[in-house]
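Enquirer: Before we start, here is the structure in question, set down as structure tokens.
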Amino acid sequence: MAKTASNDPAAAPAEGVDTTPLPGNYEAAQAELEGLVARMEGGNLSLEESLAAYRRGAALVAFCQQQLEKVEQQVRVLDGETLKPLPMNNAGTAAAESGDDL
């Protein structure tokens with residue numbers, strides 16, 4: 001049996017919710033976010049436009065944070081949490097280790 005379209009208002013996007021798809025990558029999201037900030041700082045947006053820009057910016061920030069968390073997790077997996085800071089000598093530079101690198 002085929003489903004019919006629902007008239008349920010909860011199924012529709014809430015008023016003021018940005019339904020624009022998010023960019024495909026971190027760099028595109030960051031560039032769009034920088035453009036939004038510049039437009040908002042310009043002071044030429046109406047109240048409604050400012051609110052829409054703020055909402056879009058919040059979505060872009062969340063997207064960027066999610067992308068950074070994914071990359072951080074991938075780095076953890078790749079290095080196996082084995083990377084450790086180099087020991088420092090008294091001069092504040094990395095101390096040379098004696099022995100084989102293998």
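Order determines the names: the first chain of the structure tokens is A, the second B, and so forth; residues in each chain are numbered 1 upward, and ligands are numbered 1 upward as they are shown.
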Name all residues at most 9 Å from A:Pro23 (count only C-alpha atoms; drop same-chain ones fewer than 2 positions away) and give them as JSON, numbers by chain.

Expert: {"A": [21, 25, 26, 27, 28, 29, 32, 60, 63]}

Enquirer: Have a look at atom CA of A:Ala58 and atom CA of A:Glu41 and let me know their distance in Å, one decimal.

Expert: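 About the pair atom CA of A:Ala58 and atom CA of A:Glu41: they are 15.6 Å apart.
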
Enquirer: A:Gly24, A:Asn90, A:Arg76, A:Met40: which is nearest A:Arg55, counting only C-alpha atoms?

Expert: A:Met40

Enquirer: Could you give me, as JSON, numbers by chain, the residues within 9 Å of A:Arg56, counting only C-alpha atoms and dropping anything in the same chain fewer than 2 positions from it?

Expert: {"A": [17, 18, 20, 33, 36, 51, 52, 53, 54, 58, 59, 60, 61]}

Enquirer: Let me see the file: selected residues, C-alpha atoms, as a compact mmCIF listing (two decimals), in the first residue's frame.

Expert:
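As a result, out_24.txt now contains:
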# COMPACT_ATOMS: atom_id res chain seq x y z
CA VAL A 17 15.33 26.47 9.65
CA ASP A 18 17.95 26.59 6.92
CA THR A 20 20.36 24.60 2.31
CA LEU A 33 31.46 30.94 6.92
CA LEU A 36 28.85 35.18 6.11
CA LEU A 51 19.16 35.90 11.80
CA ALA A 52 19.28 33.64 8.73
CA ALA A 53 23.03 34.26 8.38
CA TYR A 54 23.54 33.45 12.06
CA ALA A 58 25.93 27.96 13.36
CA ALA A 59 25.23 25.01 11.03
CA LEU A 60 28.54 25.59 9.23
CA VAL A 61 30.46 25.78 12.52

Enquirer: Enter the distance from atom CA of A:Ser46 to atom CA of A:Gln30, in Å, rounded to one decimal.

Expert: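 Atom CA of A:Ser46 sits 23.1 Å away from atom CA of A:Gln30.
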